[in-house]
file entry.txt (compact mmCIF, C-alpha atoms)
# COMPACT_ATOMS: atom_id res chain seq x y z
CA MET A 8 -118.82 43.89 34.44
CA GLU A 9 -115.58 41.98 34.47
CA LYS A 10 -112.88 43.53 36.59
CA ILE A 11 -109.53 44.60 35.16
CA ARG A 12 -106.82 42.38 36.62
CA VAL A 13 -103.70 43.93 38.11
CA LEU A 14 -100.46 42.16 39.02
CA VAL A 15 -98.70 44.13 41.77
CA VAL A 16 -94.90 43.79 41.79
CA ASP A 17 -93.48 45.24 45.00
CA ASP A 18 -91.41 43.77 47.83
CA SER A 19 -92.98 45.83 50.59
CA ARG A 20 -95.98 44.58 52.57
CA MET A 21 -97.03 48.12 53.28
CA SER A 22 -97.24 48.86 49.57
CA HIS A 23 -99.39 45.75 49.08
CA ALA A 24 -101.80 46.96 51.76
CA MET A 25 -101.95 50.47 50.29
CA MET A 26 -102.45 49.20 46.77
CA ASP A 27 -105.18 46.87 47.99
CA GLY A 28 -106.88 49.73 49.84
CA ILE A 29 -107.02 51.85 46.70
CA ILE A 30 -107.81 49.20 44.12
CA SER A 31 -110.46 47.20 46.00
CA ARG A 32 -112.93 50.10 45.74
CA THR A 33 -112.79 50.26 41.94
CA ASP A 34 -113.42 48.23 38.81
CA PHE A 35 -109.86 46.88 39.07
CA GLU A 36 -108.83 43.85 41.11
CA ILE A 37 -105.45 42.61 42.24
CA CYS A 38 -105.02 39.16 40.73
CA ASP A 39 -101.70 38.49 42.48
CA TYR A 40 -98.62 39.95 44.12
CA ALA A 41 -94.96 39.34 43.33
CA LYS A 42 -92.12 40.29 45.68
CA THR A 43 -89.18 39.66 43.36
CA SER A 44 -88.40 40.03 39.68
CA ALA A 45 -88.22 36.26 39.20
CA GLU A 46 -91.60 35.82 40.87
CA ALA A 47 -93.09 38.65 38.76
CA ILE A 48 -92.06 36.96 35.51
CA GLU A 49 -93.40 33.58 36.66
CA LYS A 50 -96.70 35.09 37.79
CA TYR A 51 -97.04 37.18 34.65
CA LYS A 52 -96.89 33.98 32.59
CA ILE A 53 -99.43 32.18 34.80
CA MET A 54 -101.89 35.00 35.50
CA ASN A 55 -101.68 36.93 32.23
CA PRO A 56 -102.84 40.16 33.95
CA ASP A 57 -104.34 43.16 32.10
CA VAL A 58 -101.84 45.51 33.69
CA VAL A 59 -98.78 45.36 35.97
CA THR A 60 -97.73 47.88 38.60
CA MET A 61 -93.96 47.68 38.96
CA ASP A 62 -91.88 48.99 41.85
CA MET A 63 -88.52 50.43 40.83
CA ASN A 64 -86.52 48.56 43.48
CA LEU A 65 -86.80 44.81 43.76
CA PRO A 66 -84.45 42.57 45.76
CA ASP A 67 -83.12 40.59 42.78
CA ALA A 68 -83.24 43.20 39.96
CA ASP A 69 -84.46 46.69 39.25
CA GLY A 70 -87.96 47.38 37.96
CA LEU A 71 -86.65 48.31 34.51
CA GLU A 72 -84.94 44.96 34.02
CA CYS A 73 -87.99 43.11 35.23
CA SER A 74 -90.23 45.15 32.89
CA GLN A 75 -87.92 44.44 30.00
CA ARG A 76 -88.23 40.68 30.64
CA ILE A 77 -92.03 40.94 30.79
CA LEU A 78 -92.09 42.98 27.56
CA GLU A 79 -89.99 40.27 25.91
CA LEU A 80 -92.73 37.78 26.86
CA ASN A 81 -95.45 40.12 25.63
CA PRO A 82 -94.45 43.26 23.70
CA HIS A 83 -97.94 44.70 24.33
CA ALA A 84 -97.76 44.21 28.11
CA LYS A 85 -99.08 47.23 29.99
CA ILE A 86 -96.77 48.25 32.80
CA VAL A 87 -97.09 51.20 35.18
CA MET A 88 -93.87 52.05 36.99
CA VAL A 89 -94.29 53.01 40.64
CA SER A 90 -91.33 54.78 42.16
CA ALA A 91 -90.45 57.10 45.03
CA MET A 92 -87.87 58.78 42.82
CA ARG A 93 -88.94 60.95 39.94
CA ASP A 94 -85.75 60.62 38.01
CA ALA A 95 -85.87 62.02 34.46
CA CYS A 96 -83.27 59.66 33.03
CA LEU A 97 -84.90 56.57 34.53
CA MET A 98 -88.20 57.66 33.02
CA THR A 99 -86.56 58.12 29.61
CA GLN A 100 -85.09 54.65 29.90
CA GLY A 101 -88.46 53.28 31.01
CA ARG A 102 -90.36 54.81 28.11
CA ALA A 103 -87.67 53.61 25.72
CA ILE A 104 -88.14 49.99 26.79
CA GLY A 105 -91.92 50.31 26.52
CA ILE A 106 -93.26 51.14 29.98
CA SER A 107 -96.66 52.77 29.54
CA ALA A 108 -96.78 55.23 32.45
CA PHE A 109 -95.22 56.35 35.72
CA VAL A 110 -96.72 57.17 39.11
CA GLN A 111 -94.92 58.43 42.17
CA LYS A 112 -94.98 57.10 45.71
CA PRO A 113 -96.67 57.82 48.07
CA LEU A 114 -99.57 56.72 45.92
CA LYS A 115 -102.48 59.08 45.46
CA GLU A 116 -105.73 57.25 44.87
CA ASN A 117 -106.98 59.32 41.93
CA GLU A 118 -103.64 59.45 40.19
CA LEU A 119 -103.14 55.70 40.36
CA ILE A 120 -106.64 54.84 39.19
CA ASP A 121 -106.64 57.43 36.38
CA THR A 122 -103.28 56.15 35.17
CA LEU A 123 -104.37 52.51 35.24
CA ARG A 124 -107.57 53.40 33.42
CA MET A 125 -105.71 55.37 30.73
CA VAL A 126 -103.22 52.55 30.20
CA CYS A 127 -105.96 49.91 30.02
CA GLN A 128 -108.13 51.66 27.45
CA SER A 129 -108.72 48.94 24.99
CA THR A 130 -106.27 49.09 22.13
CA GLU A 131 -108.76 47.24 19.95
CA ASP A 132 -111.52 49.81 20.48
CA ASN A 133 -109.01 52.51 19.79
CA LEU A 134 -107.87 50.90 16.56
CA LYS A 135 -111.46 50.56 15.41
CA ILE A 136 -112.11 54.28 15.99
CA LEU A 137 -108.91 55.29 14.20
CA GLU A 138 -109.68 52.99 11.30
CA GLU A 139 -113.31 54.01 10.84
CA SER A 140 -113.05 57.74 11.51
CA TYR A 141 -109.65 58.62 10.12
CA VAL A 142 -107.95 55.98 7.99
CA LYS A 143 -110.97 55.30 5.75
CA THR A 144 -111.39 59.02 5.13
CA PHE A 145 -107.75 59.33 4.05
CA ILE A 146 -108.17 56.34 1.72
CA LYS A 147 -111.25 57.82 0.03
CA VAL A 148 -109.64 61.24 -0.37
CA LEU A 149 -106.38 59.77 -1.71
CA GLN A 150 -108.19 57.67 -4.30
CA LYS A 151 -110.41 60.54 -5.42
CA ASN A 152 -107.56 63.03 -5.72
CA LEU A 153 -105.20 60.69 -7.56
CA PHE A 154 -107.94 60.47 -10.14
CA SER A 155 -108.62 64.19 -10.34
CA LEU A 156 -104.92 65.19 -10.32
CA ALA A 157 -103.26 62.45 -12.38
CA GLY A 158 -106.27 60.85 -14.07
CA VAL A 159 -105.49 57.38 -12.76
CA HIS A 160 -107.66 54.76 -11.13
CA SER A 161 -106.20 53.20 -8.03
CA ASP A 162 -106.87 49.98 -6.17
CA MET A 163 -106.71 50.81 -2.51
CA SER A 164 -105.55 48.53 0.28
CA TYR A 165 -104.50 49.14 3.86
CA GLU A 166 -103.28 47.35 6.94
CA ILE A 167 -102.23 48.15 10.48
CA SER A 168 -98.48 48.45 10.50
CA THR A 169 -96.62 46.18 12.87
CA GLU A 170 -93.22 47.63 12.05
CA GLY A 171 -91.95 50.51 14.14
CA LYS A 172 -90.15 51.92 11.12
CA LEU A 173 -90.95 52.88 7.58
CA GLU A 174 -88.39 52.12 4.85
CA ILE A 175 -87.99 54.87 2.26
CA ASP A 176 -86.16 54.69 -1.05
CA GLY A 177 -87.15 57.78 -2.96
CA ILE A 178 -89.29 60.59 -1.61
CA ALA A 179 -91.34 61.00 1.55
CA ILE A 180 -93.60 63.97 2.31
CA ILE A 181 -94.28 64.31 6.04
CA ILE A 182 -97.31 66.32 7.12
CA GLY A 183 -97.99 66.57 10.83
CA PHE A 184 -101.40 66.97 12.41
CA THR A 185 -102.43 68.52 15.66
CA GLY A 186 -105.76 68.35 17.46
CA LYS A 187 -107.39 65.09 18.49
CA PRO A 188 -105.39 62.97 18.01
CA ILE A 189 -101.98 64.33 17.09
CA GLY A 190 -99.92 62.42 14.54
CA ARG A 191 -98.57 62.62 11.04
CA ALA A 192 -99.14 61.36 7.51
CA ILE A 193 -96.27 60.32 5.25
CA VAL A 194 -96.85 60.04 1.51
CA HIS A 195 -93.98 58.11 -0.05
CA THR A 196 -92.90 56.41 -3.23
CA ASP A 197 -89.84 55.51 -5.31
CA PHE A 198 -88.29 57.93 -7.84
CA ASP A 199 -89.75 56.16 -10.90
CA THR A 200 -93.29 56.29 -9.65
CA MET A 201 -92.82 59.89 -8.55
CA ASN A 202 -91.68 60.86 -12.05
CA GLN A 203 -94.56 58.99 -13.69
CA PHE A 204 -97.08 60.73 -11.46
CA ALA A 205 -95.48 64.11 -12.04
CA ARG A 206 -95.66 63.62 -15.81
CA ALA A 207 -99.30 62.61 -15.58
CA ILE A 208 -100.16 65.57 -13.34
CA LEU A 209 -98.28 68.11 -15.46
CA GLY A 210 -99.34 66.53 -18.75
CA LYS A 211 -95.74 66.03 -19.89
CA ASP A 212 -94.76 63.33 -22.38
CA THR A 213 -91.73 61.13 -21.79
CA ASP A 214 -89.70 63.10 -24.36
CA GLU A 215 -90.22 66.35 -22.45
CA ILE A 216 -87.81 67.38 -19.72
CA LEU A 217 -89.00 66.94 -16.14
CA SER A 218 -86.77 68.43 -13.44
CA ASP A 219 -86.35 66.83 -10.02
CA GLU A 220 -87.73 69.99 -8.53
CA GLU A 221 -90.93 69.79 -10.59
CA ALA A 222 -91.37 66.13 -9.69
CA ASN A 223 -90.83 66.80 -5.98
CA GLU A 224 -93.28 69.68 -6.06
CA CYS A 225 -95.96 67.53 -7.64
CA MET A 226 -95.61 64.97 -4.85
CA GLU A 227 -95.58 67.68 -2.21
CA GLU A 228 -98.70 69.32 -3.59
CA THR A 229 -100.49 65.98 -3.92
CA ALA A 230 -99.69 65.09 -0.30
CA ASN A 231 -100.75 68.53 0.88
CA ILE A 232 -104.07 68.35 -0.96
CA VAL A 233 -104.82 64.83 0.29
CA ALA A 234 -103.94 65.63 3.92
CA GLY A 235 -105.76 68.96 3.86
CA ARG A 236 -108.99 67.60 2.35
CA SER A 237 -108.99 64.54 4.60
CA VAL A 238 -108.62 66.69 7.68
CA SER A 239 -111.39 69.10 6.56
CA MET A 240 -113.69 66.15 5.97
CA ILE A 241 -112.95 64.71 9.42
CA ASN A 242 -113.52 68.13 11.02
CA ASP A 243 -116.87 68.44 9.21
CA ILE A 244 -118.09 65.12 10.54
CA PHE A 245 -116.67 65.29 14.06
CA LYS A 246 -117.02 68.78 15.41
CA ASP A 247 -114.68 68.37 18.39
CA LYS A 248 -111.47 67.13 16.72
CA GLU A 249 -110.06 70.50 15.64
CA LEU A 250 -107.50 68.83 13.42
CA ARG A 251 -104.95 71.08 11.72
CA ILE A 252 -102.12 70.17 9.40
CA THR A 253 -98.55 71.44 9.50
CA PRO A 254 -96.72 72.44 6.31
CA PRO A 255 -95.03 69.52 4.53
CA GLY A 256 -91.43 68.45 5.15
CA ILE A 257 -89.84 66.65 2.20
CA ILE A 258 -87.31 63.87 2.69
CA VAL A 259 -85.35 62.68 -0.32
CA GLY A 260 -82.81 59.86 -0.24
CA LYS A 261 -82.05 56.18 -0.55
CA LYS A 262 -82.29 53.43 2.05
CA LEU A 263 -83.75 55.60 4.79
CA SER A 264 -85.91 54.69 7.73
CA ILE A 265 -88.44 56.95 9.37
CA VAL A 266 -89.27 55.89 12.90
CA ASN A 267 -91.62 56.79 15.68
CA PRO A 268 -92.05 53.80 17.95
CA LYS A 269 -94.85 55.42 19.96
CA LEU A 270 -97.38 55.74 17.14
CA ILE A 271 -100.18 53.46 16.01
CA THR A 272 -99.67 53.42 12.24
CA PHE A 273 -101.54 52.25 9.16
CA ASN A 274 -100.05 51.55 5.74
CA ILE A 275 -102.19 52.54 2.78
CA VAL A 276 -101.21 51.54 -0.75
CA ALA A 277 -102.71 52.99 -3.93
CA THR A 278 -101.86 50.57 -6.73
CA THR A 279 -102.02 52.32 -10.09
CA LYS A 280 -100.73 51.79 -13.62
CA LEU A 281 -98.09 54.45 -12.84
CA GLY A 282 -96.77 52.51 -9.84
CA ASP A 283 -97.60 52.23 -6.14
CA LEU A 284 -98.15 55.41 -4.16
CA LYS A 285 -98.01 54.75 -0.42
CA MET A 286 -99.26 56.60 2.59
CA ASN A 287 -98.48 55.85 6.21
CA ILE A 288 -100.69 57.48 8.82
CA GLY A 289 -99.67 57.45 12.47
CA PHE A 290 -101.53 58.54 15.59
CA ALA A 291 -100.12 59.15 19.05
CA GLY A 292 -101.88 57.20 21.80
CA GLY A 293 -105.05 56.68 19.80
CA GLU A 294 -107.82 59.19 20.46
CA MET B 10 -88.73 84.93 8.91
CA ASP B 11 -89.13 87.05 12.03
CA VAL B 12 -86.04 86.86 14.29
CA LYS B 13 -88.12 87.07 17.46
CA LEU B 14 -89.39 83.58 16.62
CA ILE B 15 -85.87 82.15 17.02
CA ASN B 16 -85.23 82.91 20.67
CA PRO B 17 -87.99 80.61 21.96
CA PHE B 18 -86.10 77.69 20.38
CA ILE B 19 -82.71 78.74 21.77
CA ASP B 20 -84.24 79.26 25.22
CA ALA B 21 -85.90 75.83 25.01
CA PHE B 22 -82.53 74.20 24.31
CA MET B 23 -80.92 76.12 27.20
CA THR B 24 -83.73 75.03 29.56
CA ILE B 25 -84.30 71.41 28.54
CA MET B 26 -80.75 70.14 27.97
CA PRO B 27 -79.65 70.64 31.61
CA GLN B 28 -82.84 68.84 32.71
CA VAL B 29 -81.84 65.74 30.76
CA GLY B 30 -78.29 65.62 32.10
CA PHE B 31 -76.11 68.04 30.11
CA GLN B 32 -73.74 70.50 31.80
CA ASN B 33 -72.31 72.88 29.22
CA ILE B 34 -74.79 74.32 26.81
CA ALA B 35 -73.68 76.94 24.31
CA ARG B 36 -75.04 78.77 21.34
CA GLY B 37 -73.00 78.70 18.16
CA LYS B 38 -73.51 80.46 14.84
CA VAL B 39 -76.86 81.41 13.43
CA SER B 40 -77.28 81.52 9.66
CA LEU B 41 -79.93 82.00 7.01
CA LYS B 42 -80.29 79.13 4.56
CA GLU B 43 -82.32 78.41 1.47
CA LYS B 44 -81.66 74.92 0.14
CA ALA B 45 -82.87 71.71 1.71
CA VAL B 46 -81.13 70.65 4.93
CA ASP B 47 -78.37 68.08 4.37
CA SER B 48 -78.92 65.49 7.06
CA LEU B 49 -75.97 64.69 9.30
CA GLY B 50 -77.33 61.14 9.70
CA VAL B 51 -80.24 61.60 12.08
CA THR B 52 -82.87 64.30 11.49
CA VAL B 53 -86.04 64.78 13.47
CA LEU B 54 -88.86 66.79 11.97
CA VAL B 55 -91.56 68.36 14.13
CA GLY B 56 -94.40 70.38 12.58
CA LEU B 57 -96.02 73.46 14.09
CA THR B 58 -99.40 74.95 13.39
CA LYS B 59 -102.11 77.36 14.63
CA GLU B 60 -101.21 81.08 14.70
CA ILE B 61 -97.94 80.43 12.90
CA ARG B 62 -97.09 77.37 10.82
CA GLY B 63 -93.86 75.67 9.94
CA ASN B 64 -91.35 72.98 10.69
CA VAL B 65 -88.35 72.52 12.89
CA ALA B 66 -85.69 69.95 11.93
CA TYR B 67 -83.17 68.84 14.58
CA ASN B 68 -80.11 67.60 12.75
CA ILE B 69 -77.38 65.52 14.43
CA SER B 70 -74.75 62.92 13.58
CA ASP B 71 -75.12 59.26 14.52
CA GLU B 72 -72.38 59.70 17.13
CA THR B 73 -74.09 62.72 18.70
CA ALA B 74 -77.42 60.87 18.69
CA ARG B 75 -75.84 58.01 20.63
CA PHE B 76 -74.08 60.39 23.04
CA ILE B 77 -77.31 62.31 23.76
CA ALA B 78 -79.37 59.14 24.17
CA SER B 79 -76.80 57.71 26.56
CA THR B 80 -76.73 60.90 28.65
CA MET B 81 -80.53 60.98 28.76
CA MET B 82 -80.63 57.37 29.99
CA CYS B 83 -78.39 57.82 33.04
CA GLY B 84 -75.18 57.12 31.10
CA MET B 85 -76.36 53.77 29.85
CA PRO B 86 -73.94 52.63 27.10
CA VAL B 87 -75.41 53.14 23.61
CA ALA B 88 -73.18 51.30 21.13
CA ALA B 89 -75.68 51.41 18.24
CA PHE B 90 -78.44 53.89 17.48
CA ASP B 91 -81.09 51.27 18.30
CA GLU B 92 -84.79 51.49 19.15
CA MET B 93 -84.18 52.61 22.72
CA ALA B 94 -81.85 55.38 21.62
CA GLN B 95 -84.28 56.41 18.85
CA SER B 96 -87.04 56.66 21.44
CA ALA B 97 -84.87 58.91 23.64
CA ILE B 98 -84.04 61.25 20.73
CA SER B 99 -87.71 61.43 19.65
CA GLU B 100 -88.66 62.25 23.21
CA LEU B 101 -86.02 64.99 23.41
CA SER B 102 -87.22 66.56 20.13
CA ASN B 103 -90.72 66.56 21.50
CA MET B 104 -89.62 68.15 24.80
CA LEU B 105 -87.58 70.85 23.04
CA THR B 106 -90.38 71.77 20.64
CA ALA B 107 -93.07 71.69 23.34
CA ASN B 108 -90.94 74.02 25.47
CA ALA B 109 -90.38 76.33 22.47
CA ALA B 110 -94.16 76.32 21.90
CA THR B 111 -94.70 77.40 25.52
CA ASN B 112 -92.13 80.18 25.02
CA LEU B 113 -93.94 81.30 21.85
CA THR B 114 -97.23 81.38 23.76
CA ALA B 115 -95.57 83.70 26.27
CA LEU B 116 -94.94 86.06 23.32
CA GLY B 117 -98.63 85.89 22.50
CA ILE B 118 -98.30 83.37 19.66
CA GLU B 119 -100.31 80.18 20.09
CA VAL B 120 -98.85 77.08 18.44
CA ASP B 121 -99.58 73.37 18.53
CA ILE B 122 -96.95 70.78 17.66
CA SER B 123 -97.21 67.48 15.82
CA THR B 124 -95.50 64.20 16.71
CA PRO B 125 -91.79 63.98 15.86
CA SER B 126 -90.67 61.98 12.79
CA LEU B 127 -87.12 60.69 13.09
CA THR B 128 -85.31 59.85 9.85
CA ILE B 129 -82.09 57.85 9.74
CA GLY B 130 -79.82 57.30 6.74
CA ASP B 131 -76.82 58.45 4.75
CA GLY B 132 -76.81 61.40 2.40
CA PHE B 133 -80.45 62.39 2.48
CA THR B 134 -82.00 65.86 2.38
CA VAL B 135 -84.88 67.41 4.28
CA LYS B 136 -86.72 70.36 2.77
CA ILE B 137 -88.59 72.36 5.39
CA SER B 138 -89.42 75.53 3.49
CA ASP B 139 -89.84 77.05 0.04
CA ALA B 140 -88.21 80.22 1.30
CA GLN B 141 -85.36 81.10 3.64
CA TYR B 142 -85.08 79.43 7.01
CA VAL B 143 -82.83 79.86 10.04
CA ALA B 144 -80.17 77.35 11.10
CA ILE B 145 -78.84 77.58 14.66
CA GLU B 146 -75.90 75.55 15.87
CA MET B 147 -76.19 74.68 19.54
CA THR B 148 -73.75 72.56 21.51
CA ALA B 149 -74.33 70.34 24.51
CA ASP B 150 -71.19 69.03 26.22
CA GLY B 151 -69.22 69.52 23.01
CA HIS B 152 -71.74 67.85 20.70
CA THR B 153 -73.45 69.90 18.01
CA VAL B 154 -77.18 69.98 17.43
CA GLU B 155 -78.24 71.95 14.36
CA ILE B 156 -81.73 73.39 14.76
CA ASN B 157 -83.34 74.40 11.46
CA ILE B 158 -86.44 76.51 11.81
CA ALA B 159 -88.91 77.58 9.12
CA LEU B 160 -91.94 79.47 10.41
CA LYS B 161 -94.46 81.88 8.95
call {"tool": "encode", "arguments": {"input": "entry.txt", "output": "C-alpha cells"}}
result
Amino acid sequence: MEKIRVLVVDDSRMSHAMMDGIISRTDFEICDYAKTSAEAIEKYKIMNPDVVTMDMNLPDADGLECSQRILELNPHAKIVMVSAMRDACLMTQGRAIGISAFVQKPLKENELIDTLRMVCQSTEDNLKILEESYVKTFIKVLQKNLFSLAGVHSDMSYEISTEGKLEIDGIAIIIGFTGKPIGRAIVHTDFDTMNQFARAILGKDTDEILSDEEANECMEETANIVAGRSVSMINDIFKDKELRITPPGIIVGKKLSIVNPKLITFNIVATTKLGDLKMNIGFAGGE
Amino acid sequence: MDVKLINPFIDAFMTIMPQVGFQNIARGKVSLKEKAVDSLGVTVLVGLTKEIRGNVAYNISDETARFIASTMMCGMPVAAFDEMAQSAISELSNMLTANAATNLTALGIEVDISTPSLTIGDGFTVKISDAQYVAIEMTADGHTVEINIALK
C-alpha cells in the first residue's frame, strides 16, 4: 500500500526526531522537513504532500501565516497545527483560515496518528458515499413528492457545490439533521415559483386570493415532508445512521446569503413548469 | 414553552463567552414573542432534536458580529464580515448550543444539535415557531446578542 506523505514544518531538530519516531512505524511517511515558512511553501510546491504538520512558531513567520500561504496555493491542503499552547483564539483563527485539526505538544503517538488519519480520509470516497447514500435519496423523494403534492413532473439535476454560500432571493426553509452525519437541508425558491407551487398544491386558481402566509406554509410543509421521508428512507436502509430532523426554520427576504463554510454541500434543482425549486444539502465532515 | 428550558441557554452564554475572550457578560430582558424574528443583519439558526425539538436563532448586528469575531480571534482586526469572521460566528453558535445541550442533558433532557446555518442580509425574517417563543437579550462587553428559543 502506498504510504501517506507528510511534510513536517518545524524549526526544532528534536521535534523532527520525535515526529520521525512516531511516523516511521505507521502507514505514513515523512516526505520532507521545512524549518522556515519560506522553505515550507517552497517544499509544499515541490513535494505536493498529502498532509502538512505545522508548528505554531517559525523563525520567519507564525504557523498561521504560513498555513494561509499554503492554503492560497491549494485551498484543499490538509494542515494539522502542532502547538505547545492550546490557545482558544488561535484555534478559532486557525479553523477560520482552513486548518483541519490541532494537536498539542508534547506529541502523543496515538493522538497524532489518529488526527492525521482523520484528516487524510479521502474526500473523494466521502463524496461518493454522501452522493450515493444520501443525495440520491433526497432527489428521488423530492421528485416523487412534488408530483404527489403539486401534480408536476420535474427534471432533476444536481452538482457538488463549490461555493461556500447560498444566495437566496425569496424563501428558504432550513431543516437540520442530527445523527450520522449531521447537517442540514435548505429548500429554496423565488417568490413567483413559491406562489405557483402553493396554488398548485392548494388547488387555487390565479383569480383566487393567496396570502403570503398560505404560500409560506405550503413551502414549509413540502420541505418538511421531503426531509422527513428522505431521512426515514435512509434510516430504513442503513440501520446505524439514526438520522433525525429538526423542525423547519423559515427565512424570507431578498438578496440574502446563507453560509456554512465547513460543510460539503450539494445543489439539487427540480425544474418544473411552475419554476425551479432548489434544495441544498450540506453535511459536516462527511460521514 | 417551559421556562426551565431557558436557563440552559443563559448558562451556556455565561460559560462560553468568557472562554472566548469576553469580560462582562450580562443578562438583559426576556420576552415572549410570536411573529417571525426580524434579523438584525446576521442570524444563525441551529436546530435541536431528540427528546425535545426546536430551533434557536442567535440574532446580532453586522457590527456586533465583527466585534465578536475579532475578540474570538485574539483581537485581530475585522473590518468586513468576511469568511473568516463568518466561520468564527458559526463556531461560537455551535459552542453555545452544544453547551446548552449539555446543560439540558443535566436536567434529564437529551438533545442533539444540527449544524449552524448563518444568514446575512438586510431586512429579512426568520420564523422559528408556529407558536410563542422566548427572546433573551444577552450582552457581552456592551454588545447585544438576542437569543430566540422555540422548543417543545
call {"tool": "closest_residue", "arguments": {"input": "entry.txt", "among": "B:Ile145, B:Ile15, B:Ala94, B:Ile118", "to": "chain A", "atoms": "all atoms listed in the file"}}
result
B:Ala94
call {"tool": "closest_atom_pairs", "arguments": {"input": "entry.txt", "of": "chain A", "to": "chain B", "cutoff": "7 Å", "atoms": "all atoms listed in the file", "output": "JSON lines"}}
result
{"residue": "A:Ala95", "atom": "CA", "partner": "B:Val29", "partner_atom": "CA", "distance": 6.6}
{"residue": "A:Cys96", "atom": "CA", "partner": "B:Met82", "partner_atom": "CA", "distance": 4.6}
{"residue": "A:Leu97", "atom": "CA", "partner": "B:Met82", "partner_atom": "CA", "distance": 6.3}
{"residue": "A:Thr99", "atom": "CA", "partner": "B:Met82", "partner_atom": "CA", "distance": 6.0}
{"residue": "A:Gln100", "atom": "CA", "partner": "B:Met82", "partner_atom": "CA", "distance": 5.2}
{"residue": "A:Ala103", "atom": "CA", "partner": "B:Met93", "partner_atom": "CA", "distance": 4.7}
{"residue": "A:Ile104", "atom": "CA", "partner": "B:Met93", "partner_atom": "CA", "distance": 6.3}
{"residue": "A:Gly183", "atom": "CA", "partner": "B:Ser123", "partner_atom": "CA", "distance": 5.1}
{"residue": "A:Phe184", "atom": "CA", "partner": "B:Ser123", "partner_atom": "CA", "distance": 5.4}
{"residue": "A:Thr185", "atom": "CA", "partner": "B:Ser123", "partner_atom": "CA", "distance": 5.3}
{"residue": "A:Ile189", "atom": "CA", "partner": "B:Ser123", "partner_atom": "CA", "distance": 5.9}
{"residue": "A:Gly190", "atom": "CA", "partner": "B:Thr124", "partner_atom": "CA", "distance": 5.2}
{"residue": "A:Arg191", "atom": "CA", "partner": "B:Thr124", "partner_atom": "CA", "distance": 6.6}
{"residue": "A:Arg251", "atom": "CA", "partner": "B:Thr58", "partner_atom": "CA", "distance": 7.0}
{"residue": "A:Ile252", "atom": "CA", "partner": "B:Thr58", "partner_atom": "CA", "distance": 6.8}
{"residue": "A:Thr253", "atom": "CA", "partner": "B:Gly56", "partner_atom": "CA", "distance": 5.3}
{"residue": "A:Pro254", "atom": "CA", "partner": "B:Gly63", "partner_atom": "CA", "distance": 5.6}
{"residue": "A:Gly256", "atom": "CA", "partner": "B:Ile137", "partner_atom": "CA", "distance": 4.8}
{"residue": "A:Ile257", "atom": "CA", "partner": "B:Lys136", "partner_atom": "CA", "distance": 4.9}
{"residue": "A:Ile258", "atom": "CA", "partner": "B:Val135", "partner_atom": "CA", "distance": 4.6}
{"residue": "A:Val259", "atom": "CA", "partner": "B:Thr134", "partner_atom": "CA", "distance": 5.4}
{"residue": "A:Gly260", "atom": "CA", "partner": "B:Phe133", "partner_atom": "CA", "distance": 4.4}
{"residue": "A:Lys262", "atom": "CA", "partner": "B:Gly130", "partner_atom": "CA", "distance": 6.6}
{"residue": "A:Leu263", "atom": "CA", "partner": "B:Gly130", "partner_atom": "CA", "distance": 4.7}
{"residue": "A:Ser264", "atom": "CA", "partner": "B:Ile129", "partner_atom": "CA", "distance": 5.3}
{"residue": "A:Ile265", "atom": "CA", "partner": "B:Thr128", "partner_atom": "CA", "distance": 4.3}
{"residue": "A:Val266", "atom": "CA", "partner": "B:Leu127", "partner_atom": "CA", "distance": 5.3}
{"residue": "A:Asn267", "atom": "CA", "partner": "B:Ser126", "partner_atom": "CA", "distance": 6.0}
{"residue": "A:Pro268", "atom": "CA", "partner": "B:Ser96", "partner_atom": "CA", "distance": 6.7}
call {"tool": "write_last_selection", "arguments": {"input": "entry.txt", "atoms": "C-alpha atoms", "output": "PDB file, keeping the file's coordinate frame"}}
result
ATOM      1  CA  ALA A  95     -85.870  62.020  34.460  1.00  0.00           C
ATOM      2  CA  CYS A  96     -83.270  59.660  33.030  1.00  0.00           C
ATOM      3  CA  LEU A  97     -84.900  56.570  34.530  1.00  0.00           C
ATOM      4  CA  THR A  99     -86.560  58.120  29.610  1.00  0.00           C
ATOM      5  CA  GLN A 100     -85.090  54.650  29.900  1.00  0.00           C
ATOM      6  CA  ALA A 103     -87.670  53.610  25.720  1.00  0.00           C
ATOM      7  CA  ILE A 104     -88.140  49.990  26.790  1.00  0.00           C
ATOM      8  CA  GLY A 183     -97.990  66.570  10.830  1.00  0.00           C
ATOM      9  CA  PHE A 184    -101.400  66.970  12.410  1.00  0.00           C
ATOM     10  CA  THR A 185    -102.430  68.520  15.660  1.00  0.00           C
ATOM     11  CA  ILE A 189    -101.980  64.330  17.090  1.00  0.00           C
ATOM     12  CA  GLY A 190     -99.920  62.420  14.540  1.00  0.00           C
ATOM     13  CA  ARG A 191     -98.570  62.620  11.040  1.00  0.00           C
ATOM     14  CA  ARG A 251    -104.950  71.080  11.720  1.00  0.00           C
ATOM     15  CA  ILE A 252    -102.120  70.170   9.400  1.00  0.00           C
ATOM     16  CA  THR A 253     -98.550  71.440   9.500  1.00  0.00           C
ATOM     17  CA  PRO A 254     -96.720  72.440   6.310  1.00  0.00           C
ATOM     18  CA  GLY A 256     -91.430  68.450   5.150  1.00  0.00           C
ATOM     19  CA  ILE A 257     -89.840  66.650   2.200  1.00  0.00           C
ATOM     20  CA  ILE A 258     -87.310  63.870   2.690  1.00  0.00           C
ATOM     21  CA  VAL A 259     -85.350  62.680  -0.320  1.00  0.00           C
ATOM     22  CA  GLY A 260     -82.810  59.860  -0.240  1.00  0.00           C
ATOM     23  CA  LYS A 262     -82.290  53.430   2.050  1.00  0.00           C
ATOM     24  CA  LEU A 263     -83.750  55.600   4.790  1.00  0.00           C
ATOM     25  CA  SER A 264     -85.910  54.690   7.730  1.00  0.00           C
ATOM     26  CA  ILE A 265     -88.440  56.950   9.370  1.00  0.00           C
ATOM     27  CA  VAL A 266     -89.270  55.890  12.900  1.00  0.00           C
ATOM     28  CA  ASN A 267     -91.620  56.790  15.680  1.00  0.00           C
ATOM     29  CA  PRO A 268     -92.050  53.800  17.950  1.00  0.00           C
TER      30      PRO A 268
END
call {"tool": "closest_residue", "arguments": {"input": "entry.txt", "among": "B:Leu113, B:Ile19, B:Leu41, B:Ala35", "to": "B:Gly151", "atoms": "only C-alpha atoms"}}
result
B:Ala35
call {"tool": "atom_distance", "arguments": {"input": "entry.txt", "atom1": "atom CA of A:Met63", "atom2": "atom CA of A:Asp17"}}
result
8.3 Å
call {"tool": "closest_residue", "arguments": {"input": "entry.txt", "among": "A:Ile120, A:Val87, A:Leu173, A:Leu153", "to": "A:Arg102", "atoms": "only C-alpha atoms"}}
result
A:Val87
